[in-house]
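Next comes target_25.pdb, a file with PDB, N, CA and C atoms and all ligand atoms.
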MODEL        1
ATOM      1  N   MET A 169       1.799 -56.504   5.695
ATOM      2  CA  MET A 169       2.816 -56.306   4.653
ATOM      3  C   MET A 169       2.224 -55.594   3.437
ATOM      4  N   LYS A 170       0.961 -55.946   3.130
ATOM      5  CA  LYS A 170       0.301 -55.322   1.986
ATOM      6  C   LYS A 170       0.146 -53.803   2.205
ATOM      7  N   THR A 171      -0.179 -53.421   3.465
ATOM      8  CA  THR A 171      -0.362 -52.008   3.811
ATOM      9  C   THR A 171       0.921 -51.223   3.537
ATOM     10  N   ILE A 172       2.026 -51.777   3.966
ATOM     11  CA  ILE A 172       3.311 -51.092   3.769
ATOM     12  C   ILE A 172       3.582 -50.878   2.279
ATOM     13  N   THR A 173       3.269 -51.907   1.508
ATOM     14  CA  THR A 173       3.508 -51.809   0.069
ATOM     15  C   THR A 173       2.692 -50.676  -0.557
ATOM     16  N   ILE A 174       1.435 -50.568  -0.138
ATOM     17  CA  ILE A 174       0.575 -49.508  -0.679
ATOM     18  C   ILE A 174       1.089 -48.132  -0.261
ATOM     19  N   ALA A 175       1.496 -48.030   1.017
ATOM     20  CA  ALA A 175       2.012 -46.755   1.510
ATOM     21  C   ALA A 175       3.243 -46.341   0.719
ATOM     22  N   THR A 176       4.113 -47.287   0.470
ATOM     23  CA  THR A 176       5.336 -46.993  -0.280
ATOM     24  C   THR A 176       4.982 -46.520  -1.689
ATOM     25  N   LEU A 177       3.990 -47.179  -2.273
ATOM     26  CA  LEU A 177       3.558 -46.829  -3.624
ATOM     27  C   LEU A 177       2.992 -45.410  -3.651
ATOM     28  N   LEU A 178       2.205 -45.066  -2.608
ATOM     29  CA  LEU A 178       1.604 -43.731  -2.546
ATOM     30  C   LEU A 178       2.694 -42.662  -2.448
ATOM     31  N   VAL A 179       3.692 -42.916  -1.643
ATOM     32  CA  VAL A 179       4.800 -41.961  -1.501
ATOM     33  C   VAL A 179       5.496 -41.786  -2.849
ATOM     34  N   ALA A 180       5.718 -42.926  -3.501
ATOM     35  CA  ALA A 180       6.398 -42.874  -4.797
ATOM     36  C   ALA A 180       5.591 -42.081  -5.814
ATOM     37  N   LEU A 181       4.276 -42.215  -5.749
ATOM     38  CA  LEU A 181       3.415 -41.485  -6.688
ATOM     39  C   LEU A 181       3.336 -39.999  -6.342
ATOM     40  N   ALA A 182       3.347 -39.713  -5.040
ATOM     41  CA  ALA A 182       3.161 -38.330  -4.590
ATOM     42  C   ALA A 182       4.413 -37.489  -4.849
ATOM     43  N   THR A 183       5.562 -38.083  -4.797
ATOM     44  CA  THR A 183       6.810 -37.320  -4.890
ATOM     45  C   THR A 183       6.932 -36.498  -6.183
ATOM     46  N   PRO A 184       6.698 -37.083  -7.337
ATOM     47  CA  PRO A 184       6.833 -36.268  -8.562
ATOM     48  C   PRO A 184       5.856 -35.100  -8.592
ATOM     49  N   VAL A 185       4.658 -35.300  -8.047
ATOM     50  CA  VAL A 185       3.646 -34.243  -8.021
ATOM     51  C   VAL A 185       4.159 -33.078  -7.178
ATOM     52  N   ARG A 186       4.720 -33.414  -6.018
ATOM     53  CA  ARG A 186       5.216 -32.371  -5.135
ATOM     54  C   ARG A 186       6.366 -31.597  -5.798
ATOM     55  N   ALA A 187       7.216 -32.315  -6.480
ATOM     56  CA  ALA A 187       8.342 -31.662  -7.157
ATOM     57  C   ALA A 187       7.830 -30.699  -8.222
ATOM     58  N   GLN A 188       6.781 -31.096  -8.919
ATOM     59  CA  GLN A 188       6.200 -30.256  -9.961
ATOM     60  C   GLN A 188       5.614 -28.985  -9.359
ATOM     61  N   GLN A 189       4.920 -29.151  -8.223
ATOM     62  CA  GLN A 189       4.314 -28.017  -7.550
ATOM     63  C   GLN A 189       5.384 -27.007  -7.142
ATOM     64  N   LYS A 190       6.491 -27.505  -6.630
ATOM     65  CA  LYS A 190       7.579 -26.645  -6.187
ATOM     66  C   LYS A 190       8.109 -25.829  -7.371
ATOM     67  N   ALA A 191       8.232 -26.468  -8.501
ATOM     68  CA  ALA A 191       8.719 -25.766  -9.689
ATOM     69  C   ALA A 191       7.749 -24.659 -10.089
ATOM     70  N   ASP A 192       6.450 -24.916  -9.963
ATOM     71  CA  ASP A 192       5.452 -23.908 -10.305
ATOM     72  C   ASP A 192       5.527 -22.722  -9.351
ATOM     73  N   ASP A 193       5.684 -23.001  -8.048
ATOM     74  CA  ASP A 193       5.795 -21.928  -7.063
ATOM     75  C   ASP A 193       6.971 -21.029  -7.402
ATOM     76  N   HIS A 194       8.071 -21.667  -7.728
ATOM     77  CA  HIS A 194       9.274 -20.907  -8.034
ATOM     78  C   HIS A 194       9.046 -20.008  -9.252
ATOM     79  N   ALA A 195       8.380 -20.542 -10.247
ATOM     80  CA  ALA A 195       8.098 -19.761 -11.446
ATOM     81  C   ALA A 195       7.200 -18.574 -11.109
ATOM     82  N   ALA A 196       6.308 -18.759 -10.159
ATOM     83  CA  ALA A 196       5.395 -17.689  -9.769
ATOM     84  C   ALA A 196       6.152 -16.536  -9.113
ATOM     85  N   HIS A 197       7.183 -16.877  -8.350
ATOM     86  CA  HIS A 197       7.973 -15.832  -7.692
ATOM     87  C   HIS A 197       8.851 -15.076  -8.679
ATOM     88  N   HIS A 198       9.233 -15.761  -9.734
ATOM     89  CA  HIS A 198      10.082 -15.135 -10.738
ATOM     90  C   HIS A 198       9.389 -15.268 -12.084
ATOM     91  N   PRO A 199       8.449 -14.399 -12.362
ATOM     92  CA  PRO A 199       7.624 -14.540 -13.576
ATOM     93  C   PRO A 199       8.465 -14.737 -14.823
ATOM     94  N   ALA A 200       9.486 -13.928 -15.003
ATOM     95  CA  ALA A 200      10.386 -14.095 -16.137
ATOM     96  C   ALA A 200      11.689 -13.375 -15.829
ATOM     97  N   ALA A 201      12.771 -14.079 -15.973
ATOM     98  CA  ALA A 201      14.064 -13.490 -15.657
ATOM     99  C   ALA A 201      14.326 -12.249 -16.509
ATOM    100  N   SER A 202      13.878 -12.286 -17.756
ATOM    101  CA  SER A 202      14.126 -11.164 -18.650
ATOM    102  C   SER A 202      13.323  -9.934 -18.219
ATOM    103  N   ALA A 203      12.119 -10.145 -17.699
ATOM    104  CA  ALA A 203      11.299  -9.027 -17.226
ATOM    105  C   ALA A 203      11.971  -8.356 -16.037
ATOM    106  N   ALA A 204      12.538  -9.163 -15.131
ATOM    107  CA  ALA A 204      13.216  -8.611 -13.962
ATOM    108  C   ALA A 204      14.421  -7.787 -14.393
ATOM    109  N   ALA A 205      15.146  -8.286 -15.368
ATOM    110  CA  ALA A 205      16.340  -7.577 -15.836
ATOM    111  C   ALA A 205      15.958  -6.237 -16.454
ATOM    112  N   ALA A 206      14.799  -6.181 -17.099
ATOM    113  CA  ALA A 206      14.353  -4.947 -17.734
ATOM    114  C   ALA A 206      14.042  -3.871 -16.702
ATOM    115  N   ASP A 207      13.772  -4.285 -15.453
ATOM    116  CA  ASP A 207      13.419  -3.339 -14.416
ATOM    117  C   ASP A 207      14.627  -2.831 -13.629
ATOM    118  N   MET A 208      15.818  -3.192 -14.042
ATOM    119  CA  MET A 208      17.003  -2.712 -13.338
ATOM    120  C   MET A 208      17.113  -1.195 -13.514
ATOM    121  N   VAL A 209      17.425  -0.520 -12.420
ATOM    122  CA  VAL A 209      17.495   0.941 -12.396
ATOM    123  C   VAL A 209      18.962   1.366 -12.248
ATOM    124  N   GLU A 210      19.328   2.414 -12.979
ATOM    125  CA  GLU A 210      20.681   2.948 -12.859
ATOM    126  C   GLU A 210      20.773   3.795 -11.596
ATOM    127  N   GLY A 211      21.921   3.720 -10.934
ATOM    128  CA  GLY A 211      22.075   4.537  -9.739
ATOM    129  C   GLY A 211      23.523   4.700  -9.337
ATOM    130  N   GLU A 212      23.737   5.605  -8.372
ATOM    131  CA  GLU A 212      25.076   5.815  -7.831
ATOM    132  C   GLU A 212      24.957   5.836  -6.314
ATOM    133  N   ILE A 213      25.816   5.061  -5.661
ATOM    134  CA  ILE A 213      25.766   4.955  -4.204
ATOM    135  C   ILE A 213      26.198   6.268  -3.563
ATOM    136  N   ARG A 214      25.394   6.765  -2.658
ATOM    137  CA  ARG A 214      25.736   7.984  -1.918
ATOM    138  C   ARG A 214      26.121   7.655  -0.489
ATOM    139  N   LYS A 215      25.564   6.566   0.064
ATOM    140  CA  LYS A 215      25.902   6.188   1.437
ATOM    141  C   LYS A 215      25.564   4.718   1.650
ATOM    142  N   VAL A 216      26.445   4.003   2.355
ATOM    143  CA  VAL A 216      26.207   2.608   2.694
ATOM    144  C   VAL A 216      26.093   2.504   4.214
ATOM    145  N   ASP A 217      24.931   2.050   4.690
ATOM    146  CA  ASP A 217      24.728   1.884   6.127
ATOM    147  C   ASP A 217      24.502   0.403   6.414
ATOM    148  N   LYS A 218      25.613  -0.304   6.686
ATOM    149  CA  LYS A 218      25.509  -1.753   6.874
ATOM    150  C   LYS A 218      24.726  -2.107   8.129
ATOM    151  N   ALA A 219      24.909  -1.323   9.184
ATOM    152  CA  ALA A 219      24.237  -1.633  10.455
ATOM    153  C   ALA A 219      22.721  -1.602  10.294
ATOM    154  N   ALA A 220      22.225  -0.606   9.583
ATOM    155  CA  ALA A 220      20.780  -0.459   9.415
ATOM    156  C   ALA A 220      20.283  -1.153   8.158
ATOM    157  N   LYS A 221      21.205  -1.749   7.378
ATOM    158  CA  LYS A 221      20.864  -2.365   6.092
ATOM    159  C   LYS A 221      20.124  -1.360   5.204
ATOM    160  N   LYS A 222      20.739  -0.179   5.053
ATOM    161  CA  LYS A 222      20.137   0.843   4.211
ATOM    162  C   LYS A 222      21.170   1.421   3.260
ATOM    163  N   LEU A 223      20.680   1.851   2.112
ATOM    164  CA  LEU A 223      21.518   2.445   1.082
ATOM    165  C   LEU A 223      20.925   3.774   0.660
ATOM    166  N   THR A 224      21.772   4.783   0.542
ATOM    167  CA  THR A 224      21.314   6.012  -0.091
ATOM    168  C   THR A 224      21.799   5.961  -1.530
ATOM    169  N   ILE A 225      20.862   6.066  -2.459
ATOM    170  CA  ILE A 225      21.184   5.941  -3.880
ATOM    171  C   ILE A 225      20.631   7.132  -4.652
ATOM    172  N   LYS A 226      21.488   7.725  -5.486
ATOM    173  CA  LYS A 226      21.015   8.702  -6.455
ATOM    174  C   LYS A 226      20.581   7.886  -7.664
ATOM    175  N   HIS A 227      19.277   7.807  -7.884
ATOM    176  CA  HIS A 227      18.804   6.883  -8.920
ATOM    177  C   HIS A 227      18.155   7.607 -10.095
ATOM    178  N   SER A 228      18.143   6.929 -11.229
ATOM    179  CA  SER A 228      17.433   7.434 -12.403
ATOM    180  C   SER A 228      15.954   7.041 -12.264
ATOM    181  N   GLU A 229      15.173   7.336 -13.265
ATOM    182  CA  GLU A 229      13.740   7.039 -13.210
ATOM    183  C   GLU A 229      13.485   5.562 -12.908
ATOM    184  N   ILE A 230      12.537   5.298 -11.998
ATOM    185  CA  ILE A 230      12.139   3.921 -11.711
ATOM    186  C   ILE A 230      10.751   3.731 -12.288
ATOM    187  N   LYS A 231      10.700   3.103 -13.466
ATOM    188  CA  LYS A 231       9.436   3.041 -14.204
ATOM    189  C   LYS A 231       8.385   2.201 -13.486
ATOM    190  N   ASN A 232       8.822   1.055 -12.906
ATOM    191  CA  ASN A 232       7.806   0.188 -12.284
ATOM    192  C   ASN A 232       7.223   0.796 -11.011
ATOM    193  N   LEU A 233       7.887   1.815 -10.442
ATOM    194  CA  LEU A 233       7.346   2.481  -9.246
ATOM    195  C   LEU A 233       6.845   3.884  -9.577
ATOM    196  N   ASP A 234       6.939   4.252 -10.862
ATOM    197  CA  ASP A 234       6.484   5.567 -11.303
ATOM    198  C   ASP A 234       7.194   6.678 -10.521
ATOM    199  N   MET A 235       8.510   6.551 -10.375
ATOM    200  CA  MET A 235       9.279   7.493  -9.563
ATOM    201  C   MET A 235      10.305   8.217 -10.430
ATOM    202  N   PRO A 236      10.343   9.540 -10.345
ATOM    203  CA  PRO A 236      11.329  10.292 -11.132
ATOM    204  C   PRO A 236      12.731  10.161 -10.521
ATOM    205  N   PRO A 237      13.756  10.608 -11.226
ATOM    206  CA  PRO A 237      15.114  10.534 -10.688
ATOM    207  C   PRO A 237      15.239  11.344  -9.393
ATOM    208  N   MET A 238      15.973  10.803  -8.408
ATOM    209  CA  MET A 238      16.180  11.514  -7.136
ATOM    210  C   MET A 238      17.233  10.776  -6.308
ATOM    211  N   THR A 239      17.603  11.387  -5.205
ATOM    212  CA  THR A 239      18.473  10.713  -4.239
ATOM    213  C   THR A 239      17.626  10.358  -3.030
ATOM    214  N   MET A 240      17.655   9.092  -2.641
ATOM    215  CA  MET A 240      16.804   8.657  -1.525
ATOM    216  C   MET A 240      17.397   7.441  -0.832
ATOM    217  N   VAL A 241      16.815   7.121   0.336
ATOM    218  CA  VAL A 241      17.279   5.983   1.129
ATOM    219  C   VAL A 241      16.418   4.761   0.811
ATOM    220  N   PHE A 242      17.083   3.634   0.594
ATOM    221  CA  PHE A 242      16.387   2.373   0.355
ATOM    222  C   PHE A 242      16.740   1.379   1.455
ATOM    223  N   GLN A 243      15.786   0.520   1.784
ATOM    224  CA  GLN A 243      16.103  -0.657   2.585
ATOM    225  C   GLN A 243      16.753  -1.670   1.646
ATOM    226  N   VAL A 244      17.486  -2.611   2.225
ATOM    227  CA  VAL A 244      18.147  -3.630   1.422
ATOM    228  C   VAL A 244      17.690  -4.994   1.906
ATOM    229  N   LYS A 245      17.374  -5.863   0.953
ATOM    230  CA  LYS A 245      16.806  -7.165   1.280
ATOM    231  C   LYS A 245      17.751  -8.001   2.145
ATOM    232  N   GLY A 246      19.027  -8.034   1.794
ATOM    233  CA  GLY A 246      19.997  -8.799   2.576
ATOM    234  C   GLY A 246      21.265  -7.991   2.770
ATOM    235  N   ALA A 247      21.842  -8.073   3.969
ATOM    236  CA  ALA A 247      23.056  -7.304   4.252
ATOM    237  C   ALA A 247      24.177  -7.691   3.291
ATOM    238  N   GLY A 248      24.131  -8.925   2.771
ATOM    239  CA  GLY A 248      25.154  -9.403   1.848
ATOM    240  C   GLY A 248      25.268  -8.543   0.596
ATOM    241  N   LEU A 249      24.153  -7.895   0.231
ATOM    242  CA  LEU A 249      24.165  -7.036  -0.958
ATOM    243  C   LEU A 249      25.078  -5.828  -0.752
ATOM    244  N   LEU A 250      25.358  -5.485   0.511
ATOM    245  CA  LEU A 250      26.127  -4.273   0.805
ATOM    246  C   LEU A 250      27.629  -4.525   0.866
ATOM    247  N   ASP A 251      28.020  -5.787   0.936
ATOM    248  CA  ASP A 251      29.414  -6.142   1.222
ATOM    249  C   ASP A 251      30.445  -5.457   0.336
ATOM    250  N   THR A 252      30.170  -5.399  -0.958
ATOM    251  CA  THR A 252      31.196  -4.899  -1.878
ATOM    252  C   THR A 252      30.936  -3.454  -2.300
ATOM    253  N   LEU A 253      29.954  -2.806  -1.678
ATOM    254  CA  LEU A 253      29.578  -1.468  -2.121
ATOM    255  C   LEU A 253      30.277  -0.370  -1.331
ATOM    256  N   LYS A 254      30.538   0.737  -2.030
ATOM    257  CA  LYS A 254      31.069   1.911  -1.350
ATOM    258  C   LYS A 254      30.539   3.172  -2.025
ATOM    259  N   THR A 255      30.616   4.268  -1.301
ATOM    260  CA  THR A 255      30.129   5.539  -1.826
ATOM    261  C   THR A 255      30.790   5.847  -3.164
ATOM    262  N   GLY A 256      29.993   6.258  -4.121
ATOM    263  CA  GLY A 256      30.507   6.609  -5.445
ATOM    264  C   GLY A 256      30.376   5.494  -6.460
ATOM    265  N   ASP A 257      30.089   4.261  -5.999
ATOM    266  CA  ASP A 257      29.935   3.140  -6.931
ATOM    267  C   ASP A 257      28.743   3.374  -7.856
ATOM    268  N   LYS A 258      28.943   3.073  -9.129
ATOM    269  CA  LYS A 258      27.840   3.115 -10.095
ATOM    270  C   LYS A 258      27.226   1.711 -10.139
ATOM    271  N   ILE A 259      25.912   1.669 -10.007
ATOM    272  CA  ILE A 259      25.243   0.363  -9.937
ATOM    273  C   ILE A 259      24.003   0.331 -10.820
ATOM    274  N   ARG A 260      23.527  -0.882 -11.000
ATOM    275  CA  ARG A 260      22.185  -1.128 -11.526
ATOM    276  C   ARG A 260      21.497  -1.951 -10.454
ATOM    277  N   PHE A 261      20.265  -1.589 -10.107
ATOM    278  CA  PHE A 261      19.624  -2.299  -9.014
ATOM    279  C   PHE A 261      18.140  -2.522  -9.289
ATOM    280  N   ALA A 262      17.603  -3.526  -8.599
ATOM    281  CA  ALA A 262      16.173  -3.818  -8.685
ATOM    282  C   ALA A 262      15.537  -3.401  -7.366
ATOM    283  N   VAL A 263      14.364  -2.806  -7.438
ATOM    284  CA  VAL A 263      13.702  -2.340  -6.218
ATOM    285  C   VAL A 263      12.227  -2.715  -6.251
ATOM    286  N   GLN A 264      11.711  -3.038  -5.071
ATOM    287  CA  GLN A 264      10.291  -3.372  -4.943
ATOM    288  C   GLN A 264       9.697  -2.551  -3.814
ATOM    289  N   LYS A 265       8.416  -2.250  -3.938
ATOM    290  CA  LYS A 265       7.725  -1.558  -2.865
ATOM    291  C   LYS A 265       7.207  -2.612  -1.893
ATOM    292  N   SER A 266       7.446  -2.396  -0.604
ATOM    293  CA  SER A 266       6.929  -3.321   0.407
ATOM    294  C   SER A 266       6.132  -2.519   1.431
ATOM    295  N   ASP A 267       5.588  -3.209   2.419
ATOM    296  CA  ASP A 267       4.801  -2.522   3.457
ATOM    297  C   ASP A 267       5.637  -1.509   4.222
ATOM    298  N   THR A 268       6.936  -1.777   4.318
ATOM    299  CA  THR A 268       7.791  -0.920   5.143
ATOM    300  C   THR A 268       8.551   0.117   4.322
ATOM    301  N   GLY A 269       8.365   0.107   3.002
ATOM    302  CA  GLY A 269       9.056   1.090   2.169
ATOM    303  C   GLY A 269       9.623   0.444   0.930
ATOM    304  N   PHE A 270      10.625   1.075   0.360
ATOM    305  CA  PHE A 270      11.228   0.555  -0.861
ATOM    306  C   PHE A 270      12.420  -0.319  -0.514
ATOM    307  N   VAL A 271      12.440  -1.518  -1.084
ATOM    308  CA  VAL A 271      13.462  -2.496  -0.749
ATOM    309  C   VAL A 271      14.253  -2.854  -2.001
ATOM    310  N   VAL A 272      15.571  -2.709  -1.911
ATOM    311  CA  VAL A 272      16.455  -3.131  -2.997
ATOM    312  C   VAL A 272      16.618  -4.637  -2.902
ATOM    313  N   THR A 273      16.311  -5.331  -4.011
ATOM    314  CA  THR A 273      16.351  -6.794  -3.983
ATOM    315  C   THR A 273      17.535  -7.348  -4.756
ATOM    316  N   ASP A 274      18.184  -6.519  -5.560
ATOM    317  CA  ASP A 274      19.322  -7.010  -6.338
ATOM    318  C   ASP A 274      20.201  -5.825  -6.711
ATOM    319  N   ILE A 275      21.498  -6.031  -6.698
ATOM    320  CA  ILE A 275      22.436  -4.968  -7.075
ATOM    321  C   ILE A 275      23.531  -5.557  -7.971
ATOM    322  N   GLN A 276      23.806  -4.864  -9.073
ATOM    323  CA  GLN A 276      24.911  -5.255  -9.950
ATOM    324  C   GLN A 276      25.802  -4.038 -10.171
ATOM    325  N   ALA A 277      27.074  -4.276 -10.363
ATOM    326  CA  ALA A 277      27.966  -3.179 -10.733
ATOM    327  C   ALA A 277      27.592  -2.730 -12.129
ATOM    328  N   ALA A 278      27.502  -1.411 -12.344
ATOM    329  CA  ALA A 278      27.189  -0.893 -13.678
ATOM    330  C   ALA A 278      28.441  -0.999 -14.546
ATOM    331  N   LYS A 279      28.224  -1.315 -15.819
ATOM    332  CA  LYS A 279      29.370  -1.467 -16.714
ATOM    333  C   LYS A 279      29.751  -0.118 -17.299
TER     334      LYS A 279
HETATM  335 CU    CU B   1      13.289   7.738  -5.416
ENDMDL
END
In structure tokens, how does this file's structure come out?
Amino acid sequence: MKTITIATLLVALATPVRAQQKADDHAAHHPAASAAAADMVEGEIRKVDKAAKKLTIKHSEIKNLDMPPMTMVFQVKGAGLLDTLKTGDKIRFAVQKSDTGFVVTDIQAAK
């Protein structure tokens, strides 16, 4: 009976630590929400390819990738990002460089 009590106590002690660690991991993935927002790029949709999860975007300068304005094809992180998009839409989007190319990770309608 004593063993069970100690085990229960250890679990109780370990739980808050694990929760704290999870919060730290999350913060690491999203260094600062404001920094991410600052990296949003202006663009206009030229083509939506839902099957291939790709977008052709005429984009303005992408400072974090050191890329001048151009029209190019991007991969999209999730097909859900494409649901409401159509050719001609003005957007603001976030993009990251990955091993397989440039990946759009967030899209907002431009105001
Ligand atoms: Cu480009």
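As for CA of Arg214 (chain A) and CA of Thr239 (chain A), they are spaced 8.1 Å apart.
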Could you give me the residues within 6 Å of ligand CU 1 (chain B), counting only C-alpha atoms and all ligand atoms, as a PyMOL selection string? chain A and resi 235+238+240
I would like the residues chosen by the PyMOL selection byres (((chain A and resi 221 and name CA) around 8) and not hetatm and name CA) on the shown file; could you give them as a list in words? Asp217, Lys218, Ala219, Ala220, Lys222, Leu223, Gln243, Val244, Lys245, Gly246, Ala247 and Leu250 of chain A
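With the shown file loaded, the PyMOL selection byres (((chain A and resi 253-258) around 5) and not hetatm) picks out A:Gly211, A:Glu212, A:Ile213, A:Arg214, A:Leu250, A:Asp251, A:Thr252, A:Ile259, A:Arg260, A:Ala277, A:Ala278.
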Record the distance separating atom N of Ile225 (chain A) and atom C of Val241 (chain A), expressed in Å with one decimal. 5.7 Å
What is the distance, in Å and to one decimal place, between CA of Gly248 (chain A) and CA of Ile230 (chain A)?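 These two atoms are separated by 23.0 Å.
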I need the residue nearest Gly269 (chain A) from this list: A:Glu210, A:Leu233, A:Lys215, A:Leu249. Use only C-alpha atoms for the distance.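 Answer, going by the shortest atom-to-atom distance: A:Leu233.
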Could you please write out, as number ranges by chain, every residue of region 194-275 of chain A that DSSP assigns to strand (DSSP E)? A: 209-217, 222-227, 238-244, 258-266, 269-275
Taking the file as shown, find all residues satisfying the PyMOL selection byres (((chain A and resi 275) around 6) and not hetatm) and write them as number ranges by chain. A: 260-262, 273-274, 276-277
Counting only C-alpha atoms, which residues have an atom no more than 12 Å from (6.2, 4.0, -10.6) in the file's coordinates? Please list them as a ChimeraX atom specification. /A:207,209,228-237,263-265,270
